Amino acid sequence: MAEHHVSAKTYLIIWGWLAALMLVGVALSERHILPFSRGVVILTIVILSTIKAALVVLYYMHLKLDRRTLVFIALTPFVLIALAVGLLYSSKLVHL
Amino acid sequence: MAHAHAVAGAYVAPRTATGIPNGKLGMWIFLASEVMFFTGLIGAYLVLRMGHPSWVGPEGHLSVGIGTLNTLILICSSTTIVLALAADARQQIAAVRGYLAATIGLGALFVLIKIFIEYAAKISHHILPSSSVFWASYYTLTGFHLLHVLGGIVFNLVVLSSTATPAVWAHQRRRLEWAGLYWHFVDIVWIFLFPLLYLFSR
């Protein structure tokens, strides 16, 4: 068992951030009460979601304190996805 | 890999070439493949959506209240399972049991809300995967996520069952970390599915 020495208090603080960021995203999506354009709202919510995912991966999945090998494994699919998307969009045979 | 062995009840972790326990390494590689699986599904949804300028009208709006509640439930369950891990580090097996049971309960609540409130309401209005491309995407994305939640609940139940006796737990406790990794991944997928399906169509 990995002994990561993260306190229960830290886990609860992360929970607070996850819940708060999620509620901010929901509030932002109420475009009829907030003066933001659709593009700004979508971009902001995507950034908030990425921050939430990063908090879960770094603190709850302990990637911040774990071995670097696991970081490379976690990043591998994103490299492959970037390659696949790049090939798809650069292909003359594919018209999206 | 050297064999794991127990001496006087104390579990000694097997040494591996990577320095990472094989089960944990396997779980991370599995999760990396799962990232590709869900990226394929979400990518297909995005391509379909961008290819339809009109996409779905107000009839495609989902209940943000229920979606928010379910998101909060999954966030809470991620916290309870990581608190189970923290309790295990302090060797408080009763607390491990309690946090794991809470995680399972919250997961079950997510499933019940999804099936008996969300899906049931749509099906009663004859909204099916065949209704439109949007609803086909909705059922596919949320359906596969739901299957993963159910898989996580089963995994957590197996881990909970091994807390029955300290002797069994001493040999099985590493599974709690693997179950936690899987459960957090399921939470992360929902972190992206929730805005994509519930918030961006408003």
# chains A, B, ... in the order shown; residues from 1 in each chain; ligands from 1
>>> residues_around(residues="Ile13 (chain A)", least_positions_apart="2", cutoff="12 Å", atoms="only C-alpha atoms", output="PyMOL selection string")
(chain A and resi 6-11+15-20+55-56+59-60) or (chain B and resi 76+79)
>>> residues_around(residues="region 40-43 of chain A", least_positions_apart="3", cutoff="7 Å", atoms="only C-alpha atoms", output="PyMOL selection string")
(chain A and resi 28-29+36-37+46-47) or (chain B and resi 200)
>>> closest_residue(among="A:Val79, A:Arg68, A:Ile45, A:Leu88", to="chain B", atoms="only C-alpha atoms")
A:Ile45
>>> interface_residues(of="chain B", to="chain A", cutoff="7 Å", atoms="only C-alpha atoms", output="number ranges by chain")
B: 28-29, 32, 35-36, 72, 75, 79, 82-83, 86, 89, 174, 181, 184, 188, 191-192, 199-200
>>> write_last_selection(atoms="C-alpha atoms", output="compact mmCIF listing (two decimals), in the first residue's frame")
# COMPACT_ATOMS: atom_id res chain seq x y z
CA TRP B 28 -2.99 2.85 -14.44
CA ILE B 29 -2.38 1.20 -17.85
CA ALA B 32 -4.98 5.02 -19.84
CA VAL B 35 -9.15 7.52 -21.42
CA MET B 36 -8.86 6.56 -25.09
CA LEU B 72 -22.09 16.37 -6.23
CA ILE B 75 -17.54 14.15 -5.95
CA THR B 79 -13.78 11.91 -1.22
CA VAL B 82 -9.87 8.49 -0.53
CA LEU B 83 -10.77 8.93 3.17
CA ALA B 86 -6.35 7.50 4.66
CA ALA B 89 -2.96 4.13 6.46
CA ARG B 174 -3.73 -3.01 -1.66
CA LEU B 181 -7.98 4.85 -8.72
CA HIS B 184 -11.72 8.55 -9.29
CA ILE B 188 -13.30 12.48 -13.82
CA ILE B 191 -16.68 15.93 -14.58
CA PHE B 192 -16.45 16.33 -18.38
CA LEU B 199 -24.62 22.87 -19.42
CA PHE B 200 -23.49 23.55 -23.00
>>> select_by_dssp(residues="chain A", states="alpha helix (DSSP H)", output="ChimeraX atom specification")
/A:8-28,38-55,68-90
>>> select_by_dssp(residues="chain B", states="strand (DSSP E or B)", output="PyMOL selection string")
chain B and resi 5-7+10-12
>>> write_last_selection(atoms="C-alpha atoms", output="mmCIF file, in the first residue's frame")
data_model
loop_
_atom_site.group_PDB
_atom_site.id
_atom_site.type_symbol
_atom_site.label_atom_id
_atom_site.label_comp_id
_atom_site.auth_asym_id
_atom_site.auth_seq_id
_atom_site.Cartn_x
_atom_site.Cartn_y
_atom_site.Cartn_z
ATOM 1 C CA HIS B 5 5.001 -13.455 1.691
ATOM 2 C CA ALA B 6 3.468 -12.933 5.072
ATOM 3 C CA VAL B 7 5.458 -13.134 8.243
ATOM 4 C CA ALA B 10 2.508 -8.713 8.387
ATOM 5 C CA TYR B 11 2.158 -8.377 4.638
ATOM 6 C CA VAL B 12 5.359 -7.680 2.759
#
>>> atom_distance(atom1="CA of Phe185 (chain B)", atom2="CA of Thr80 (chain B)")
14.4 Å
>>> residues_around(residues="region 110-124 of chain B", least_positions_apart="2", cutoff="10 Å", atoms="only C-alpha atoms", output="list in words")
Leu62, Ser63, Ile66, Gly67, Leu69, Asn70, Thr71, Leu72, Ile73, Leu74, Ser77, Ile104, Gly105, Leu106, Gly107, Ala108, His126, Ile127, Leu128, Pro129, Trp135, Tyr139, Thr142, Gly143, Leu146, Leu147, Val149, Leu150 and Ile153 of chain B
>>> write_last_selection(atoms="C-alpha atoms", output="short mmCIF file (atom, residue, chain, number, x, y, z; two decimals), in the first residue's frame")
data_model
loop_
_atom_site.label_atom_id
_atom_site.label_comp_id
_atom_site.auth_asym_id
_atom_site.auth_seq_id
_atom_site.Cartn_x
_atom_site.Cartn_y
_atom_site.Cartn_z
CA LEU B 62 -31.59 18.12 -19.57
CA SER B 63 -32.40 18.77 -15.92
CA ILE B 66 -30.55 16.54 -11.25
CA GLY B 67 -27.24 16.62 -13.14
CA LEU B 69 -27.00 16.64 -7.70
CA ASN B 70 -25.47 13.57 -9.36
CA THR B 71 -22.17 15.41 -9.91
CA LEU B 72 -22.09 16.37 -6.23
CA ILE B 73 -22.82 12.74 -5.27
CA LEU B 74 -19.87 11.47 -7.34
CA SER B 77 -18.01 9.45 -3.22
CA ILE B 104 -20.91 2.23 -2.40
CA GLY B 105 -24.08 3.91 -1.10
CA LEU B 106 -23.33 7.15 -2.95
CA GLY B 107 -22.52 5.21 -6.14
CA ALA B 108 -25.81 3.33 -5.82
CA HIS B 126 -40.91 8.21 -25.61
CA ILE B 127 -37.45 9.78 -25.79
CA LEU B 128 -35.25 6.88 -26.87
CA PRO B 129 -31.80 6.51 -28.47
CA TRP B 135 -30.44 11.36 -27.73
CA TYR B 139 -27.77 7.43 -24.02
CA THR B 142 -24.22 8.28 -20.08
CA GLY B 143 -24.96 4.57 -20.55
CA LEU B 146 -23.25 4.20 -15.90
CA LEU B 147 -21.82 0.75 -16.70
CA VAL B 149 -20.14 3.21 -12.16
CA LEU B 150 -21.79 -0.21 -11.74
CA ILE B 153 -19.62 -0.50 -7.18
#
>>> atom_distance(atom1="CA of Ala84 (chain B)", atom2="CA of Tyr99 (chain B)")
5.1 Å
>>> residues_around(residues="Thr163 (chain B)", least_positions_apart="4", cutoff="12 Å", atoms="only C-alpha atoms", output="ChimeraX atom specification")
/B:84,88,91-101,156-159,167-176
>>> write_last_selection(atoms="N, CA and C atoms", output="PDB file, in the first residue's frame")
ATOM      1  N   ALA B  84     -11.193   6.516   2.972  1.00  0.00           N
ATOM      2  CA  ALA B  84     -11.017   5.101   3.340  1.00  0.00           C
ATOM      3  C   ALA B  84      -9.538   4.735   3.251  1.00  0.00           C
ATOM      4  N   ASP B  88      -7.095   3.550   6.210  1.00  0.00           N
ATOM      5  CA  ASP B  88      -6.299   2.323   6.122  1.00  0.00           C
ATOM      6  C   ASP B  88      -4.844   2.602   6.510  1.00  0.00           C
ATOM      7  N   GLN B  91      -4.537   2.400   9.915  1.00  0.00           N
ATOM      8  CA  GLN B  91      -4.922   1.051  10.352  1.00  0.00           C
ATOM      9  C   GLN B  91      -6.220   1.049  11.154  1.00  0.00           C
ATOM     10  N   GLN B  92      -7.161   1.901  10.733  1.00  0.00           N
ATOM     11  CA  GLN B  92      -8.480   1.936  11.372  1.00  0.00           C
ATOM     12  C   GLN B  92      -9.468   1.203  10.463  1.00  0.00           C
ATOM     13  N   ILE B  93      -9.538  -0.100  10.626  1.00  0.00           N
ATOM     14  CA  ILE B  93     -10.306  -0.932   9.695  1.00  0.00           C
ATOM     15  C   ILE B  93     -11.808  -0.630   9.758  1.00  0.00           C
ATOM     16  N   ALA B  94     -12.308  -0.261  10.925  1.00  0.00           N
ATOM     17  CA  ALA B  94     -13.741   0.055  11.046  1.00  0.00           C
ATOM     18  C   ALA B  94     -14.072   1.301  10.214  1.00  0.00           C
ATOM     19  N   ALA B  95     -13.158   2.283  10.243  1.00  0.00           N
ATOM     20  CA  ALA B  95     -13.365   3.498   9.453  1.00  0.00           C
ATOM     21  C   ALA B  95     -13.272   3.195   7.956  1.00  0.00           C
ATOM     22  N   VAL B  96     -12.359   2.302   7.594  1.00  0.00           N
ATOM     23  CA  VAL B  96     -12.227   1.889   6.181  1.00  0.00           C
ATOM     24  C   VAL B  96     -13.563   1.336   5.709  1.00  0.00           C
ATOM     25  N   ARG B  97     -14.122   0.447   6.558  1.00  0.00           N
ATOM     26  CA  ARG B  97     -15.403  -0.189   6.242  1.00  0.00           C
ATOM     27  C   ARG B  97     -16.499   0.868   6.061  1.00  0.00           C
ATOM     28  N   GLY B  98     -16.543   1.816   6.989  1.00  0.00           N
ATOM     29  CA  GLY B  98     -17.573   2.859   6.948  1.00  0.00           C
ATOM     30  C   GLY B  98     -17.468   3.726   5.701  1.00  0.00           C
ATOM     31  N   TYR B  99     -16.253   4.180   5.389  1.00  0.00           N
ATOM     32  CA  TYR B  99     -16.054   5.037   4.210  1.00  0.00           C
ATOM     33  C   TYR B  99     -16.330   4.270   2.913  1.00  0.00           C
ATOM     34  N   LEU B 100     -15.935   2.985   2.886  1.00  0.00           N
ATOM     35  CA  LEU B 100     -16.201   2.182   1.688  1.00  0.00           C
ATOM     36  C   LEU B 100     -17.702   1.988   1.494  1.00  0.00           C
ATOM     37  N   ALA B 101     -18.399   1.708   2.613  1.00  0.00           N
ATOM     38  CA  ALA B 101     -19.860   1.534   2.542  1.00  0.00           C
ATOM     39  C   ALA B 101     -20.516   2.834   2.063  1.00  0.00           C
ATOM     40  N   ASN B 156     -15.810  -2.132  -5.466  1.00  0.00           N
ATOM     41  CA  ASN B 156     -15.795  -1.644  -4.078  1.00  0.00           C
ATOM     42  C   ASN B 156     -16.422  -2.661  -3.123  1.00  0.00           C
ATOM     43  N   LEU B 157     -17.472  -3.364  -3.602  1.00  0.00           N
ATOM     44  CA  LEU B 157     -18.100  -4.402  -2.766  1.00  0.00           C
ATOM     45  C   LEU B 157     -17.117  -5.541  -2.488  1.00  0.00           C
ATOM     46  N   VAL B 158     -16.332  -5.902  -3.514  1.00  0.00           N
ATOM     47  CA  VAL B 158     -15.335  -6.970  -3.335  1.00  0.00           C
ATOM     48  C   VAL B 158     -14.304  -6.536  -2.285  1.00  0.00           C
ATOM     49  N   VAL B 159     -13.863  -5.269  -2.398  1.00  0.00           N
ATOM     50  CA  VAL B 159     -12.876  -4.760  -1.426  1.00  0.00           C
ATOM     51  C   VAL B 159     -13.498  -4.717  -0.029  1.00  0.00           C
ATOM     52  N   ALA B 167      -7.106 -10.672   9.090  1.00  0.00           N
ATOM     53  CA  ALA B 167      -6.126 -11.529   8.413  1.00  0.00           C
ATOM     54  C   ALA B 167      -6.284 -11.428   6.894  1.00  0.00           C
ATOM     55  N   VAL B 168      -7.544 -11.476   6.443  1.00  0.00           N
ATOM     56  CA  VAL B 168      -7.803 -11.362   4.993  1.00  0.00           C
ATOM     57  C   VAL B 168      -7.422  -9.958   4.517  1.00  0.00           C
ATOM     58  N   TRP B 169      -7.811  -8.958   5.315  1.00  0.00           N
ATOM     59  CA  TRP B 169      -7.534  -7.563   4.937  1.00  0.00           C
ATOM     60  C   TRP B 169      -6.030  -7.300   4.802  1.00  0.00           C
ATOM     61  N   ALA B 170      -5.238  -7.919   5.676  1.00  0.00           N
ATOM     62  CA  ALA B 170      -3.790  -7.726   5.633  1.00  0.00           C
ATOM     63  C   ALA B 170      -3.221  -8.101   4.263  1.00  0.00           C
ATOM     64  N   HIS B 171      -3.845  -9.095   3.605  1.00  0.00           N
ATOM     65  CA  HIS B 171      -3.350  -9.533   2.296  1.00  0.00           C
ATOM     66  C   HIS B 171      -4.047  -8.843   1.135  1.00  0.00           C
ATOM     67  N   GLN B 172      -5.235  -8.273   1.393  1.00  0.00           N
ATOM     68  CA  GLN B 172      -6.033  -7.720   0.279  1.00  0.00           C
ATOM     69  C   GLN B 172      -6.083  -6.189   0.268  1.00  0.00           C
ATOM     70  N   ARG B 173      -5.494  -5.548   1.257  1.00  0.00           N
ATOM     71  CA  ARG B 173      -5.707  -4.112   1.413  1.00  0.00           C
ATOM     72  C   ARG B 173      -5.193  -3.271   0.246  1.00  0.00           C
ATOM     73  N   ARG B 174      -4.240  -3.770  -0.516  1.00  0.00           N
ATOM     74  CA  ARG B 174      -3.731  -3.014  -1.661  1.00  0.00           C
ATOM     75  C   ARG B 174      -4.837  -2.759  -2.683  1.00  0.00           C
ATOM     76  N   ARG B 175      -5.824  -3.648  -2.702  1.00  0.00           N
ATOM     77  CA  ARG B 175      -6.924  -3.504  -3.671  1.00  0.00           C
ATOM     78  C   ARG B 175      -7.727  -2.233  -3.437  1.00  0.00           C
ATOM     79  N   LEU B 176      -7.699  -1.728  -2.215  1.00  0.00           N
ATOM     80  CA  LEU B 176      -8.430  -0.492  -1.905  1.00  0.00           C
ATOM     81  C   LEU B 176      -7.876   0.660  -2.749  1.00  0.00           C
TER      82      LEU B 176
END
